Amino acid sequence: MLSDSQFGYRPHRSTELASTLFLDNIRKNMDKGQLTGAIFIDLRKAFDTISHSLIVSKLPNYGIFGIEKEWFTNYLFAREQCVSVNGEQSSFKPVNCGVPQGSILGPLLFIMHFNGIVASLNNCKILMYADDTVIYYSHKDIEVIEKKLQDDLASITSWLQQNQLIINMKKGKTESMLFGTGKRLSTLNGRQMNLECNGSKVNFTSHYKYLGVHLKSSLNMNDHVNKAFKKASGYLKLLAKTRSFLSTKASLDIYRAMVIPVLTYCSLVCTCSTTTQKKRLESFEKRAARIIFGTSEEQASNRMPS
């Protein structure tokens with residue numbers, strides 16, 4: 001049925017779990033002295049371009065036949081849309097592609113359709129969160145990694161074309177990256193991976209934001225931690241400006257809902273282990289406590305949620 005590599009819109013799965021698994025695999029291979037090459041694949045308007053006919057044709061693969069299949073067919077095809085500009089409205093036209101967004105079935109239909117991409121791979125591992133996809137391969141030789149990635153990228157590109165999905169080749173979207181220890185990467189003397197997709201070069205980068213985690217080639221997470229602190233500090237400043245209009249309970253609820261998740265996201269791979277980072281976190285919590293409870297930092301910090 002659905003691949004174990006798909007983490008989107010499924011119970012007990014999340015972006016955090018997907019990114020943790022990805023980084024854990026890279027670190028294990030680092031311990032073996034290996035490099036890991038990865039291609040982060042971004043699709044252009046993935047949910048809007050899928051053919052309804054293609055979706056319906058794949059339903060029997062999931063045991064959906066007869067009346068149930070007819071129900072899904074009616075659900076997808078019996079839709080029309082129009083455009084209204086300056087009080088003028090066009091005639092209604094049928095919608096023949098895209099899954100209904102904002103619905104419960106829309107994301108499920110998408111991952112059922114997208115599930116087939118896994119079978120197109122011959123060498124690499126793959127992780128998906130809906131359409132956010134990364135393929136990766138580990139080896140001691142960068143040339144072997146490059147070849148394996150290129151072969152599977154060609155296969156994936158072919159599958160996407162057959163299924164009316166388009167890769168977004170813009171910089172910062174679909175990019176390649178090479179992971180390894182700082183010592184191992186230094187032996188490459190700046191060697192980059194040369195990969196192509198549909199005749200266009202895949203941009204090679206040393207940093208990438210994957211599912212909300214800021215990655216660097218050596219997996220040094222300081223950059224991610226710094227950005228998390230900066231974002232959380234911004235929210236805390238907003239809370240400080242509005243604190244006089246809020247009750248203590250409301251302030252604490254806002255802190256729990258908007259600030260803590262920023263600092264704790266992917267905590268398994270971004271644990272503040274250095275003394276400097278621990279002190280920074282303690283200072284942040286004391287500042288937040290003073291804003292919320294309005295007492296001395298030491299007294300207020302004892303009342304903060306753990």
# chains A, B, ... in the order shown; residues from 1 in each chain; ligands from 1
call {"tool": "select_by_dssp", "arguments": {"residues": "segment 39-270 of chain A", "states": "alpha helix (DSSP H)", "output": "VMD selection string"}}
result
chain A and resid 46 to 49 52 to 58 66 to 77 105 to 114 142 to 162 182 to 186 222 to 242 248 to 254 260 to 264
call {"tool": "select_by_dssp", "arguments": {"residues": "segment 36-239 of chain A", "states": "strand (DSSP E)", "output": "number ranges by chain"}}
result
A: 36-41, 80-81, 84-85, 88-89, 93-94, 125-129, 132-139, 175-179, 196-197, 200-201, 203-204, 207-210, 213-216
call {"tool": "closest_residue", "arguments": {"among": "A:Tyr208, A:Lys140, A:Leu23, A:Val56", "to": "Glu68 of chain A", "atoms": "only C-alpha atoms"}}
result
A:Val56
call {"tool": "residues_around", "arguments": {"residues": "Leu121 of chain A", "least_positions_apart": "3", "cutoff": "10 Å", "atoms": "only C-alpha atoms", "output": "ChimeraX atom specification"}}
result
/A:116-118,124-126,135,148-149,151-156,159
call {"tool": "write_last_selection", "arguments": {"atoms": "N, CA, C and O atoms", "output": "CSV table (one decimal), in the first residue's frame"}}
result
chain,number,residue,atom,x,y,z
A,116,GLY,N,3.8,5.9,-6.3
A,116,GLY,CA,4.5,5.1,-7.3
A,116,GLY,C,5.9,5.6,-7.6
A,116,GLY,O,6.6,4.9,-8.2
A,117,ILE,N,6.2,6.8,-7.1
A,117,ILE,CA,7.6,7.3,-7.4
A,117,ILE,C,8.7,6.4,-6.8
A,117,ILE,O,9.8,6.3,-7.3
A,118,VAL,N,8.3,5.7,-5.7
A,118,VAL,CA,9.3,4.9,-5.0
A,118,VAL,C,9.8,3.8,-5.9
A,118,VAL,O,11.0,3.5,-5.9
A,124,CYS,N,19.0,4.7,-4.8
A,124,CYS,CA,18.9,5.6,-3.6
A,124,CYS,C,17.8,5.3,-2.6
A,124,CYS,O,16.8,4.6,-3.0
A,125,LYS,N,18.0,5.8,-1.4
A,125,LYS,CA,16.9,5.9,-0.5
A,125,LYS,C,16.1,7.1,-0.7
A,125,LYS,O,16.6,8.1,-1.3
A,126,ILE,N,14.8,7.1,-0.3
A,126,ILE,CA,13.9,8.3,-0.5
A,126,ILE,C,13.1,8.6,0.7
A,126,ILE,O,12.7,7.6,1.4
A,135,ILE,N,16.1,12.3,-2.2
A,135,ILE,CA,16.7,11.1,-2.5
A,135,ILE,C,18.2,11.2,-2.1
A,135,ILE,O,18.8,12.2,-2.2
A,148,LYS,N,25.1,7.2,-9.0
A,148,LYS,CA,23.9,6.6,-8.5
A,148,LYS,C,22.7,7.7,-8.4
A,148,LYS,O,21.6,7.4,-8.8
A,149,LEU,N,23.1,8.9,-8.0
A,149,LEU,CA,22.1,9.9,-7.9
A,149,LEU,C,21.6,10.3,-9.3
A,149,LEU,O,20.4,10.5,-9.5
A,151,ASP,N,21.5,8.5,-12.0
A,151,ASP,CA,20.7,7.5,-12.6
A,151,ASP,C,19.3,7.5,-12.1
A,151,ASP,O,18.3,7.4,-12.8
A,152,ASP,N,19.1,7.7,-10.7
A,152,ASP,CA,17.8,7.7,-10.1
A,152,ASP,C,17.1,9.0,-10.4
A,152,ASP,O,15.8,9.0,-10.5
A,153,LEU,N,17.8,10.1,-10.5
A,153,LEU,CA,17.2,11.3,-10.9
A,153,LEU,C,16.5,11.3,-12.3
A,153,LEU,O,15.4,11.8,-12.5
A,154,ALA,N,17.2,10.6,-13.2
A,154,ALA,CA,16.7,10.4,-14.5
A,154,ALA,C,15.4,9.6,-14.5
A,154,ALA,O,14.4,9.9,-15.2
A,155,SER,N,15.4,8.5,-13.7
A,155,SER,CA,14.3,7.7,-13.5
A,155,SER,C,13.1,8.4,-12.9
A,155,SER,O,11.9,8.3,-13.4
A,156,ILE,N,13.4,9.2,-11.9
A,156,ILE,CA,12.3,10.0,-11.2
A,156,ILE,C,11.7,11.0,-12.2
A,156,ILE,O,10.5,11.2,-12.2
A,159,TRP,N,9.4,9.4,-14.5
A,159,TRP,CA,8.1,9.0,-13.8
A,159,TRP,C,7.3,10.3,-13.6
A,159,TRP,O,6.0,10.2,-13.8
call {"tool": "residues_around", "arguments": {"residues": "Met128 of chain A", "least_positions_apart": "5", "cutoff": "7 Å", "atoms": "only C-alpha atoms", "output": "ChimeraX atom specification"}}
result
/A:5-7,133-134
call {"tool": "write_last_selection", "arguments": {"atoms": "N, CA and C atoms", "output": "compact mmCIF listing (two decimals), in the first residue's frame"}}
result
# COMPACT_ATOMS: atom_id res chain seq x y z
N SER A 5 8.19 5.32 3.27
CA SER A 5 8.99 6.53 3.06
C SER A 5 8.14 7.79 3.01
N GLN A 6 6.81 7.64 3.02
CA GLN A 6 5.91 8.80 2.96
C GLN A 6 5.50 9.19 4.38
N PHE A 7 5.81 10.43 4.76
CA PHE A 7 5.53 10.91 6.12
C PHE A 7 4.43 11.96 6.16
N THR A 133 10.42 16.00 -1.40
CA THR A 133 11.11 14.74 -1.59
C THR A 133 12.63 14.90 -1.54
N VAL A 134 13.30 13.95 -0.92
CA VAL A 134 14.76 13.91 -0.95
C VAL A 134 15.18 12.48 -1.27
